[in-house]
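For reference, query.csv (CSV, C-alpha atoms and all ligand atoms):
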chain,number,residue,atom,x,y,z
A,1,MET,CA,183.5,55.4,220.7
A,2,PHE,CA,186.4,54.3,223.0
A,3,SER,CA,188.6,56.3,225.3
A,4,ILE,CA,192.3,56.2,225.5
A,5,ALA,CA,193.9,54.6,228.6
A,6,PRO,CA,196.3,56.9,230.5
A,7,ASN,CA,199.9,55.7,230.2
A,8,ALA,CA,203.2,57.3,231.0
A,9,ARG,CA,204.2,57.6,227.3
A,10,LEU,CA,201.1,59.7,226.5
A,11,ARG,CA,202.0,62.9,228.3
A,12,PRO,CA,199.5,65.3,229.9
A,13,THR,CA,200.0,69.1,229.4
A,14,PRO,CA,200.3,71.6,232.3
A,15,PHE,CA,196.8,72.9,231.3
A,16,LEU,CA,195.0,69.5,231.1
A,17,ASN,CA,193.6,69.7,234.7
A,18,ALA,CA,192.2,73.1,233.9
A,19,ALA,CA,190.8,71.9,230.5
A,20,ARG,CA,189.1,69.0,232.2
A,21,ALA,CA,187.6,71.3,234.8
A,22,GLU,CA,186.2,73.4,231.8
A,23,GLY,CA,184.4,70.3,230.5
A,24,LEU,CA,186.8,68.9,227.9
A,25,LYS,CA,184.9,66.4,225.7
A,26,THR,CA,187.3,65.4,222.9
A,27,ALA,CA,191.0,65.2,222.7
A,28,MET,CA,193.6,64.2,220.1
A,29,VAL,CA,197.2,62.9,220.3
A,30,TYR,CA,199.9,65.2,219.0
A,31,ASN,CA,203.7,64.9,219.7
A,32,ARG,CA,202.8,62.0,222.1
A,33,MET,CA,200.8,64.4,224.2
A,34,VAL,CA,197.1,65.1,224.8
A,35,LEU,CA,195.7,67.9,222.6
A,36,PRO,CA,192.3,69.1,223.9
A,37,ALA,CA,190.0,69.4,220.8
A,38,SER,CA,186.5,70.3,221.9
A,39,TYR,CA,184.4,71.3,224.9
A,40,GLY,CA,181.2,69.9,223.4
A,41,ASN,CA,179.9,72.7,221.3
A,42,PRO,CA,182.1,73.1,218.2
A,43,GLU,CA,179.9,75.8,216.6
A,44,GLU,CA,179.9,78.0,219.7
A,45,GLU,CA,183.7,77.5,219.9
A,46,TYR,CA,184.0,78.5,216.3
A,47,TRP,CA,182.0,81.7,216.6
A,48,ARG,CA,183.8,82.7,219.7
A,49,LEU,CA,187.1,82.5,217.7
A,50,ILE,CA,185.6,84.6,214.8
A,51,ASN,CA,183.8,87.3,216.9
A,52,GLY,CA,185.4,87.2,220.4
A,53,VAL,CA,188.3,85.5,222.1
A,54,SER,CA,189.1,81.9,222.9
A,55,MET,CA,191.9,80.2,225.0
A,56,TRP,CA,193.6,77.1,223.8
A,57,ASP,CA,195.9,74.5,225.4
A,58,VAL,CA,198.4,74.1,222.7
A,59,ALA,CA,201.2,72.9,224.9
A,60,VAL,CA,201.6,70.0,222.4
A,61,GLU,CA,203.5,72.5,220.3
A,62,ARG,CA,206.8,71.5,221.9
A,63,GLN,CA,209.9,73.5,221.8
A,64,VAL,CA,213.1,71.9,220.4
A,65,GLN,CA,215.7,74.1,221.9
A,66,ILE,CA,219.1,74.4,220.2
A,67,THR,CA,221.9,76.1,222.2
A,68,GLY,CA,225.6,76.4,221.9
A,69,LYS,CA,228.4,77.7,219.6
A,70,ASP,CA,226.9,76.2,216.4
A,71,ALA,CA,223.2,76.8,217.2
A,72,ALA,CA,222.7,79.3,214.4
A,73,LYS,CA,224.5,77.1,212.0
A,74,LEU,CA,222.3,74.1,212.9
A,75,ALA,CA,219.1,76.1,212.8
A,76,GLN,CA,220.0,77.1,209.2
A,77,ILE,CA,221.0,73.6,208.2
A,78,LEU,CA,217.6,72.3,209.3
A,79,SER,CA,215.6,74.9,207.4
A,80,PRO,CA,215.5,75.8,203.7
A,81,ARG,CA,214.3,79.3,204.6
A,82,ASP,CA,217.1,82.0,204.8
A,83,LEU,CA,217.5,82.9,208.5
A,84,SER,CA,220.4,85.3,208.0
A,85,LYS,CA,218.3,88.4,208.6
A,86,CYS,CA,216.3,86.9,211.6
A,87,LYS,CA,216.9,89.0,214.7
A,88,PRO,CA,216.8,88.1,218.4
A,89,GLY,CA,213.2,88.4,219.5
A,90,GLN,CA,211.9,87.5,216.1
A,91,GLY,CA,210.0,84.5,215.0
A,92,LYS,CA,209.7,83.0,211.5
A,93,TYR,CA,207.5,80.3,210.0
A,94,VAL,CA,210.0,77.7,208.6
A,95,PRO,CA,209.3,74.5,206.7
A,96,LEU,CA,211.6,71.6,207.6
A,97,CYS,CA,212.3,69.1,204.9
A,98,ASN,CA,214.2,65.8,204.7
A,99,HIS,CA,216.9,65.0,202.1
A,100,ARG,CA,214.3,64.2,199.5
A,101,GLY,CA,212.6,67.6,199.9
A,102,THR,CA,209.6,66.1,201.7
A,103,LEU,CA,208.0,68.5,204.2
A,104,ILE,CA,208.4,66.9,207.6
A,105,ASN,CA,207.4,69.7,209.9
A,106,ASP,CA,206.4,73.4,209.8
A,107,PRO,CA,207.6,75.1,213.0
A,108,ILE,CA,207.7,78.6,214.1
A,109,LEU,CA,211.3,79.4,214.8
A,110,LEU,CA,211.9,81.7,217.8
A,111,LYS,CA,215.4,83.2,217.7
A,112,HIS,CA,216.4,84.2,221.3
A,113,ASP,CA,220.0,84.9,220.4
A,114,GLU,CA,222.8,83.8,218.1
A,115,ASP,CA,223.3,80.8,220.4
A,116,ARG,CA,219.7,80.0,221.5
A,117,PHE,CA,216.8,79.0,219.2
A,118,TRP,CA,213.5,77.3,219.7
A,119,PHE,CA,211.8,75.4,217.0
A,120,SER,CA,208.1,75.4,218.0
A,121,ILE,CA,207.1,72.3,216.3
A,122,ALA,CA,204.1,70.6,214.7
A,123,ASP,CA,203.5,66.9,215.1
A,124,SER,CA,206.7,65.0,214.3
A,125,ASP,CA,209.9,64.0,216.2
A,126,ILE,CA,212.2,67.0,215.5
A,127,TRP,CA,214.2,66.4,218.7
A,128,PHE,CA,215.5,63.1,217.2
A,129,TRP,CA,216.0,64.6,213.7
A,130,ALA,CA,218.0,67.7,215.0
A,131,GLY,CA,220.1,65.5,217.2
A,132,ALA,CA,221.0,63.1,214.4
A,133,ILE,CA,221.8,65.9,211.9
A,134,ALA,CA,223.9,67.7,214.5
A,135,ALA,CA,225.9,64.6,215.4
A,136,GLU,CA,226.5,63.7,211.7
A,137,ARG,CA,227.7,67.2,211.0
A,138,GLY,CA,229.9,67.3,214.1
A,139,LEU,CA,228.3,70.5,215.4
A,140,ASP,CA,228.8,71.9,218.9
A,141,VAL,CA,225.2,72.2,220.2
A,142,GLN,CA,222.9,71.0,222.9
A,143,ILE,CA,219.4,69.9,221.8
A,144,GLU,CA,216.7,69.7,224.4
A,145,GLU,CA,213.0,69.8,224.9
A,146,PRO,CA,212.7,72.4,227.7
A,147,ASP,CA,209.8,72.8,230.1
A,148,VAL,CA,207.9,75.2,227.9
A,149,SER,CA,204.1,75.1,227.1
A,150,PRO,CA,202.2,77.5,224.9
A,151,LEU,CA,198.7,78.7,225.8
A,152,ALA,CA,197.0,80.4,222.8
A,153,VAL,CA,194.7,83.4,223.1
A,154,GLN,CA,193.0,83.8,219.7
A,155,GLY,CA,190.3,86.0,218.2
A,156,PRO,CA,189.7,89.7,217.5
A,157,LYS,CA,189.4,90.5,221.2
A,158,ALA,CA,192.6,88.6,222.1
A,159,VAL,CA,194.7,91.8,222.0
A,160,GLU,CA,192.5,93.4,224.7
A,161,VAL,CA,192.8,90.4,227.0
A,162,VAL,CA,196.6,90.0,226.6
A,163,ALA,CA,197.2,93.8,226.9
A,164,SER,CA,195.2,93.8,230.2
A,165,ILE,CA,197.5,91.1,231.5
A,166,PHE,CA,200.9,92.3,230.3
A,167,GLY,CA,200.5,95.9,229.4
A,168,ASP,CA,200.1,98.0,226.2
A,169,TRP,CA,203.5,96.9,224.8
A,170,VAL,CA,201.9,93.7,223.5
A,171,ARG,CA,199.9,95.9,221.0
A,172,ASP,CA,203.2,96.8,219.3
A,173,LEU,CA,204.5,93.3,218.8
A,174,LYS,CA,204.9,92.5,215.2
A,175,TYR,CA,203.7,89.1,213.9
A,176,PHE,CA,205.8,86.2,215.3
A,177,TRP,CA,207.9,88.6,217.4
A,178,PHE,CA,208.1,87.8,221.1
A,179,LYS,CA,209.3,88.9,224.4
A,180,GLU,CA,210.4,87.0,227.5
A,181,THR,CA,208.9,88.4,230.7
A,182,GLU,CA,207.4,87.4,234.1
A,183,LEU,CA,203.8,87.2,235.2
A,184,GLU,CA,203.2,87.0,238.9
A,185,GLY,CA,206.5,85.2,239.4
A,186,MET,CA,205.9,82.8,236.4
A,187,PRO,CA,208.5,82.9,233.6
A,188,VAL,CA,206.8,83.3,230.2
A,189,ALA,CA,207.4,84.4,226.6
A,190,VAL,CA,204.6,86.3,224.9
A,191,GLN,CA,204.4,86.1,221.1
A,192,ARG,CA,202.0,87.4,218.5
A,193,SER,CA,201.1,84.2,216.8
A,194,GLY,CA,198.7,81.3,216.7
A,195,TRP,CA,197.2,78.8,214.3
A,196,SER,CA,194.3,80.9,213.2
A,197,LYS,CA,193.9,84.0,210.9
A,198,GLN,CA,191.7,85.8,213.5
A,199,GLY,CA,194.7,87.3,215.3
A,200,GLY,CA,196.1,86.7,218.8
A,201,TYR,CA,199.0,85.7,221.0
A,202,GLU,CA,200.6,82.7,222.5
A,203,ILE,CA,201.9,82.7,226.1
A,204,TYR,CA,204.7,80.2,226.5
A,205,LEU,CA,204.7,79.1,230.1
A,206,LYS,CA,208.3,78.2,231.2
A,207,ASP,CA,207.2,76.4,234.4
A,208,GLY,CA,205.0,73.3,233.9
A,209,SER,CA,203.9,73.3,237.5
A,210,GLN,CA,202.0,76.5,237.1
A,211,GLY,CA,199.5,75.6,234.4
A,212,ASP,CA,196.4,76.1,236.6
A,213,LYS,CA,197.6,79.5,237.7
A,214,LEU,CA,198.2,80.8,234.1
A,215,TRP,CA,194.9,79.4,232.9
A,216,ASP,CA,193.0,81.2,235.7
A,217,ILE,CA,194.8,84.5,235.1
A,218,VAL,CA,193.8,84.4,231.4
A,219,LYS,CA,190.3,83.2,232.2
A,220,GLU,CA,189.8,86.0,234.7
A,221,ALA,CA,191.3,88.7,232.4
A,222,GLY,CA,189.1,87.4,229.5
A,223,ALA,CA,185.9,87.3,231.5
A,224,PRO,CA,184.8,90.9,230.5
A,225,PHE,CA,185.3,89.8,226.8
A,226,ASP,CA,183.4,86.5,227.3
A,227,ILE,CA,186.4,84.4,226.8
A,228,GLY,CA,185.9,80.6,226.7
A,229,PRO,CA,187.9,77.5,226.2
A,230,GLY,CA,188.6,76.3,222.6
A,231,SER,CA,191.2,74.6,220.5
A,232,PRO,CA,192.8,74.7,217.1
A,233,THR,CA,189.6,75.1,215.0
A,234,THR,CA,189.4,73.0,211.9
A,235,PRO,CA,186.6,75.0,210.2
A,236,GLU,CA,188.4,78.3,210.7
A,237,ARG,CA,191.9,77.0,209.7
A,238,THR,CA,190.4,75.4,206.6
A,239,GLU,CA,188.5,78.6,205.6
A,240,SER,CA,191.7,80.5,206.2
A,241,GLY,CA,193.9,78.2,204.2
A,242,LEU,CA,196.4,77.1,206.9
A,243,VAL,CA,198.2,73.8,206.3
A,244,SER,CA,198.4,70.9,208.7
A,245,VAL,CA,201.6,69.1,208.1
A,246,GLY,CA,201.0,65.4,208.5
A,247,GLY,CA,197.3,65.9,207.9
A,248,ASP,CA,197.4,67.6,204.5
A,249,THR,CA,200.8,66.1,203.5
A,250,ASP,CA,202.2,62.6,202.8
A,251,ALA,CA,205.6,61.1,202.4
A,252,ASN,CA,206.1,62.7,199.0
A,253,THR,CA,204.8,66.3,199.7
A,254,SER,CA,207.2,69.1,199.1
A,255,PRO,CA,206.6,72.6,200.4
A,256,PHE,CA,205.8,73.8,196.8
A,257,GLU,CA,202.8,71.4,196.6
A,258,VAL,CA,201.1,72.9,199.7
A,259,ARG,CA,201.7,76.6,199.0
A,260,LEU,CA,204.7,77.0,201.2
A,261,GLY,CA,207.2,77.7,198.4
A,262,GLN,CA,207.3,81.3,199.5
A,263,TYR,CA,209.1,80.1,202.7
A,264,VAL,CA,211.9,78.2,200.7
A,265,ASP,CA,215.0,80.2,199.6
A,266,LEU,CA,216.6,78.1,196.9
A,267,ASP,CA,219.9,80.0,197.2
A,268,VAL,CA,220.7,79.1,200.8
A,269,GLU,CA,224.0,77.2,201.2
A,270,ASP,CA,224.3,73.7,199.8
A,271,ASP,CA,224.7,72.2,203.3
A,272,VAL,CA,221.0,72.9,204.1
A,273,VAL,CA,219.2,69.6,204.4
A,274,GLY,CA,217.0,68.9,201.4
A,275,ILE,CA,218.0,72.0,199.4
A,276,ARG,CA,219.4,70.1,196.4
A,277,ALA,CA,216.2,68.1,196.1
A,278,LEU,CA,214.1,71.2,196.5
A,279,ARG,CA,216.0,72.9,193.7
A,280,LYS,CA,215.4,69.9,191.5
A,281,ILE,CA,211.7,69.8,192.4
A,282,ALA,CA,211.4,73.6,191.7
A,283,GLU,CA,213.1,73.2,188.3
A,284,ASP,CA,211.1,70.2,187.2
A,285,GLY,CA,207.9,71.7,188.6
A,286,PRO,CA,205.7,70.0,191.3
A,287,LYS,CA,203.4,67.3,190.1
A,288,ARG,CA,200.6,68.2,192.5
A,289,HIS,CA,199.2,71.3,194.0
A,290,GLN,CA,196.8,72.3,196.8
A,291,LEU,CA,193.4,73.7,196.0
A,292,GLY,CA,190.2,74.2,197.9
A,293,LEU,CA,187.1,72.0,197.4
A,294,LYS,CA,183.5,73.1,197.7
A,295,LEU,CA,181.4,70.0,198.1
A,296,GLN,CA,177.7,69.6,197.2
A,297,GLY,CA,175.3,68.7,200.0
A,298,ASP,CA,173.9,70.5,202.9
A,299,ALA,CA,174.7,68.1,205.8
A,300,PRO,CA,178.1,68.3,207.7
A,301,ALA,CA,180.2,65.3,206.6
A,302,PRO,CA,183.8,65.7,207.9
A,303,LEU,CA,186.7,63.6,206.8
A,304,GLY,CA,187.3,60.5,209.0
A,305,PHE,CA,190.7,58.9,209.6
A,306,ALA,CA,191.8,58.7,205.9
A,307,TRP,CA,192.2,60.8,202.8
A,308,GLU,CA,189.4,60.3,200.1
A,309,ALA,CA,190.2,59.9,196.4
A,310,LEU,CA,189.3,62.6,193.9
A,311,THR,CA,188.3,61.4,190.5
A,312,LYS,CA,187.7,62.9,187.1
A,313,ASP,CA,185.9,60.8,184.5
A,314,GLY,CA,186.5,57.7,186.7
A,315,ARG,CA,190.3,58.3,186.9
A,316,LYS,CA,192.1,59.2,190.1
A,317,VAL,CA,193.5,62.7,190.0
A,318,GLY,CA,194.3,63.4,193.6
A,319,ASP,CA,193.1,63.2,197.2
A,320,MET,CA,190.9,65.2,199.6
A,321,THR,CA,193.1,65.6,202.6
A,322,ASN,CA,190.7,67.5,204.9
A,323,CYS,CA,187.0,68.2,204.9
A,324,THR,CA,184.9,70.2,207.4
A,325,TRP,CA,181.6,72.1,207.6
A,326,SER,CA,182.1,75.8,207.1
A,327,PHE,CA,179.8,77.7,209.4
A,328,ARG,CA,180.3,80.9,207.3
A,329,LEU,CA,180.0,79.4,203.8
A,330,LYS,CA,177.3,76.9,205.0
A,331,GLN,CA,178.7,74.0,203.1
A,332,ASN,CA,181.4,71.3,203.3
A,333,ILE,CA,184.8,72.5,202.3
A,334,GLY,CA,188.1,70.7,202.0
A,335,TYR,CA,191.6,70.7,200.6
A,336,ALA,CA,192.6,68.9,197.4
A,337,LEU,CA,196.1,67.6,196.9
A,338,ILE,CA,195.7,67.1,193.2
A,339,SER,CA,197.5,66.8,189.8
A,340,VAL,CA,198.6,70.2,188.4
A,341,ASP,CA,196.5,69.3,185.3
A,342,MET,CA,193.5,70.1,187.4
A,343,GLN,CA,192.7,73.8,188.1
A,344,ALA,CA,190.3,76.1,190.0
A,345,GLY,CA,186.9,76.0,188.3
A,346,ASP,CA,187.2,72.3,187.4
A,347,GLN,CA,184.7,69.8,188.8
A,348,VAL,CA,185.7,66.5,190.4
A,349,MET,CA,184.1,63.6,192.3
A,350,VAL,CA,185.0,62.8,195.9
A,351,GLN,CA,184.9,59.1,196.6
A,352,ARG,CA,183.4,59.3,200.1
A,353,PRO,CA,182.6,56.3,202.4
A,354,GLY,CA,178.9,56.9,201.8
A,355,GLY,CA,179.1,57.3,198.0
A,356,GLU,CA,180.6,59.8,195.6
A,357,VAL,CA,179.9,63.5,196.0
A,358,ALA,CA,180.5,66.3,193.4
A,359,ALA,CA,182.8,69.1,194.2
A,360,GLU,CA,184.3,72.2,192.6
A,361,LEU,CA,188.0,73.1,192.8
A,362,VAL,CA,188.6,76.7,194.0
A,363,GLU,CA,191.6,78.8,195.0
A,364,LEU,CA,192.7,79.0,198.6
A,365,PRO,CA,192.0,80.6,201.0
A,366,PHE,CA,188.2,80.3,201.0
A,367,LEU,CA,187.9,83.5,203.1
B,1,LIG,N1,202.0,78.0,217.5
B,1,LIG,C1,203.2,77.7,217.9
B,1,LIG,N2,203.9,76.7,217.3
B,1,LIG,C2,203.3,76.0,216.3
B,1,LIG,C3,202.1,76.3,215.9
B,1,LIG,C4,201.4,77.4,216.5
B,1,LIG,N3,204.0,75.0,215.7
B,1,LIG,C5,203.4,74.1,214.8
B,1,LIG,C6,202.3,74.7,214.0
B,1,LIG,N4,201.5,75.6,214.8
B,1,LIG,C7,202.9,75.5,213.0
B,1,LIG,N5,202.0,75.9,211.9
B,1,LIG,C8,201.7,77.2,211.7
B,1,LIG,C9,201.3,77.4,210.4
B,1,LIG,C10,201.0,78.7,210.0
B,1,LIG,C11,201.0,79.7,210.9
B,1,LIG,C12,201.3,79.5,212.2
B,1,LIG,C13,201.7,78.2,212.6
B,1,LIG,C14,200.6,81.1,210.4
B,1,LIG,N6,200.8,81.4,209.1
B,1,LIG,C15,200.4,82.6,208.5
B,1,LIG,C16,199.9,82.3,207.1
B,1,LIG,O1,200.1,81.2,206.6
B,1,LIG,O2,199.2,83.2,206.6
B,1,LIG,C17,201.6,83.6,208.4
B,1,LIG,C18,202.9,83.0,207.9
B,1,LIG,C19,203.9,84.0,207.4
B,1,LIG,O3,203.7,84.6,206.4
B,1,LIG,O4,204.9,84.2,208.1
B,1,LIG,O5,200.2,81.9,211.2
B,1,LIG,O6,200.2,77.7,216.1
B,1,LIG,N7,203.8,78.3,218.9
Final C-alpha cells representation of the file:
Amino acid sequence: MFSIAPNARLRPTPFLNAARAEGLKTAMVYNRMVLPASYGNPEEEYWRLINGVSMWDVAVERQVQITGKDAAKLAQILSPRDLSKCKPGQGKYVPLCNHRGTLINDPILLKHDEDRFWFSIADSDIWFWAGAIAAERGLDVQIEEPDVSPLAVQGPKAVEVVASIFGDWVRDLKYFWFKETELEGMPVAVQRSGWSKQGGYEIYLKDGSQGDKLWDIVKEAGAPFDIGPGSPTTPERTESGLVSVGGDTDANTSPFEVRLGQYVDLDVEDDVVGIRALRKIAEDGPKRHQLGLKLQGDAPAPLGFAWEALTKDGRKVGDMTNCTWSFRLKQNIGYALISVDMQAGDQVMVQRPGGEVAAELVELPFL
C-alpha cells in the first residue's frame, strides 16, 4: 500500500495529533480532511462500540453555518424535510437533494436560532452549494464553515462518560437535541447523536487549537469504562442499516431508493430545491430500492474501491454498494441497490473480483 503525502489542501483535524499518538494505522479522506479509520485492531474496536465506549475523531463532519435574516428560509429551501416545527436546540436528520431529486448529502441540521443554523454535513461540498442557491435566490444570509470539530463518544457506556464530564443534564437530552456550554474554558456544543445505533454523544469543539485538551479530558473520564479510540465502524453501521451517502448512492439515487423517504415531506413549498422532481419520483415509484445481502462464504471479503454487480439468471439487476464482515452474524453482509422487481428472500449472484458468490436478499436493518 501507499501513503498519502501531506499537502495544504488535505486538512488535518484538531484531533489528528492525539489520534496519531494513540497509534492511528488507517485513515480516509472525507470533506478534503483526514478521517482516522482504524487503530490496527478492527475487531477490538467493533466490540468496544457494541459493549463499552469508544471515542472518534469525526471533525470531518464540517459545519456549514447559515446566519442572517433569511437563514431559516434558506435552510428550508435546501432541505425537502419540513423544518417548520424545528425548535432552537433541536437537531434533525435532513436529506439534501439537487434539482433532479438526487440525494447529494444527509446532514444533521442543528437549529441554534431562527437566524443561525448548522448543517453538519457528510462528504460533499455543501458550502459551495448553499452559497450558489442563496445568491441565485437573492437571500440575505452569510454562509461559512466555522471552526467547529465534532468528537464522537459512542457505545452503551457513552452516557456515563459524558455525564461525568458535563453533568447529569446530558442524560435528559433527546435524540439530536444539543446544548452549547463550556468545558474548562473551551466552547463546545454537546449533542445526543452519532453515526452508530449503539447510542452516544458528539462534543462539537468550537476552538480548533484545543483538540489535544478535549481528547485528553474524554480519555481520562472514559478510563474507568475502558474507553479506547475508534472510528465510524463499517460492520456496525451496516448491521444497523445506516446509509453512507456517496458510498451507497450514485448520481441517480433519490432518498426513496435508500430508505430515507420518511425524511421527505412532499408538501413543503414549491421553492424547496428538488421538491418537484421528488414528487414526480414518488408518484412514478422508484425503480430501485435498498435491501440487505447475506453472502455465502466464511472468510471476510470486504468491498474494495468499486460497487460490484448483482445478477439474476445472468442479467444485471443491481449493485452491491457496501460489503463487510459482520462479527455478530459471522458472515459477509452488504447492501444491495437493486431493481424493485427483486425482493427480500430472493437469491442473487454477486460478481466479485475473485469470482461470483451467491447471496440472499434480506430486509434492513440486519440487527
Ligand atoms: N454526526 C454529525 N454529523 C454528521 C454525521 C454524524 N453528518 C454526516 C453524517 N454523519 C450524517 N449521517 C447520519 C445518518 C444517520 C444518522 C446520523 C447521521 C442517524 N440516524 C438514525 C436512524 O437512521 O435510525 C435516526 C434518524 C432519525 O430518525 O431522526 O442516527 O454522525 N454531527
Test item: residues at most 7 Å from region 4-14 of chain A, all atoms listed in the file, excluding those fewer than 5 positions along its chain, as number ranges by chain = A: 32-34, 59, 208-209, 211
Skip Arg276 (chain A) itself and residues of its chain fewer than 5 positions away, then list as a PDB file with C-alpha atoms, keeping the file's coordinate frame all residues within 12 Å of it, counting only C-alpha atoms.
ATOM      1  CA  PRO A  80     215.500  75.800 203.700  1.00  0.00           C
ATOM      2  CA  CYS A  97     212.300  69.100 204.900  1.00  0.00           C
ATOM      3  CA  ASN A  98     214.200  65.800 204.700  1.00  0.00           C
ATOM      4  CA  HIS A  99     216.900  65.000 202.100  1.00  0.00           C
ATOM      5  CA  ARG A 100     214.300  64.200 199.500  1.00  0.00           C
ATOM      6  CA  GLY A 101     212.600  67.600 199.900  1.00  0.00           C
ATOM      7  CA  THR A 102     209.600  66.100 201.700  1.00  0.00           C
ATOM      8  CA  VAL A 264     211.900  78.200 200.700  1.00  0.00           C
ATOM      9  CA  ASP A 265     215.000  80.200 199.600  1.00  0.00           C
ATOM     10  CA  LEU A 266     216.600  78.100 196.900  1.00  0.00           C
ATOM     11  CA  ASP A 267     219.900  80.000 197.200  1.00  0.00           C
ATOM     12  CA  VAL A 268     220.700  79.100 200.800  1.00  0.00           C
ATOM     13  CA  GLU A 269     224.000  77.200 201.200  1.00  0.00           C
ATOM     14  CA  ASP A 270     224.300  73.700 199.800  1.00  0.00           C
ATOM     15  CA  ASP A 271     224.700  72.200 203.300  1.00  0.00           C
ATOM     16  CA  ILE A 281     211.700  69.800 192.400  1.00  0.00           C
ATOM     17  CA  ALA A 282     211.400  73.600 191.700  1.00  0.00           C
ATOM     18  CA  GLU A 283     213.100  73.200 188.300  1.00  0.00           C
TER      19      GLU A 283
END
task = Could you give me the residues within 7 Å of ligand LIG 1 (chain B), counting all atoms listed in the file, as JSON, numbers by chain?
result = {"A": [61, 92, 93, 106, 107, 108, 120, 121, 122, 150, 193, 194, 195, 196, 197, 202, 242, 243, 244]}
task = Considering all atoms listed in the file, state which residue in the set A:Pro300, A:Pro187, A:Gly131, A:Gly222 is at the smallest distance from Lys157 (chain A).
result =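 Going through A:Pro300, A:Pro187, A:Gly131, A:Gly222 one by one, the smallest distance to Lys157 (chain A) is for A:Gly222.
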query = Near Arg259 (chain A), counting only C-alpha atoms, which residues have an atom at most 10 Å away, once you skip same-chain residues fewer than 3 positions from it, shown as a PyMOL selection string?
reply = chain A and resi 241-243+254-256+262-263+289-291+364
ask   = Pick from A:Gly354, A:Gly40, A:Gly91, A:Gly274: nearest to Trp177 (chain A), with all atoms listed in the file counted?
value =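 Once distances to Trp177 (chain A) are computed over all atoms listed in the file, the minimum belongs to A:Gly91.
Point (223.5, 79.3, 221.8) has the following residues at most 12 Å away: Gln65, Ile66, Thr67, Gly68, Lys69, Asp70, Ala71, Ala72, Lys73, Leu74, Ala75, Pro88, Lys111, His112, Asp113, Glu114, Asp115, Arg116, Phe117, Trp118, Leu139, Asp140, Val141, Gln142 and Ile143 of chain A (atoms considered: all atoms listed in the file).
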message = Using only C-alpha atoms for the distances, tell me which of A:Thr234, A:Asn51, A:Gln154, A:Thr181 is nearest to Gly167 (chain A).
response = A:Thr181
inquiry  = Which residue is closest to Ala301 (chain A)? Choose from A:Phe128, A:Trp325, A:Tyr335, A:Trp56 and count all atoms listed in the file.
reply    =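 Residue with the minimum atom-to-atom distance to Ala301 (chain A): A:Trp325.
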message = From the options A:Asn41, A:Asn31, A:Ser326, A:Ser149, which residue's atoms come nearest to Gly230 (chain A), counting all atoms listed in the file?
response = A:Asn41
task = Name the closest residue to Gly246 (chain A) among the candidates A:Trp307, A:Trp129, A:Tyr39, A:Phe15; distances are taken between atoms, counting only C-alpha atoms.
result =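 Ranking A:Trp307, A:Trp129, A:Tyr39, A:Phe15 by distance to Gly246 (chain A), first place goes to A:Trp307.
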query = How many Å lie between CA of Phe119 (chain A) and CA of Val94 (chain A), rounded to one decimal?
reply =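 If I compute the distance from CA of Phe119 (chain A) to CA of Val94 (chain A), I get 8.9 Å.
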ask   = Which distance in Å separates CA of Pro302 (chain A) and CA of Ala158 (chain A), to one decimal?
value = 28.3 Å
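Our summary of the geometry notes that CA of Gly334 (chain A) is positioned 19.7 Å from CA of Leu49 (chain A).
Shell of Leu183 (chain A) at 9 Å, with all atoms listed in the file counted and residues fewer than 3 places along the chain excluded, is A:Ile165, A:Phe166, A:Met186, A:Pro187, A:Val188, A:Leu214.
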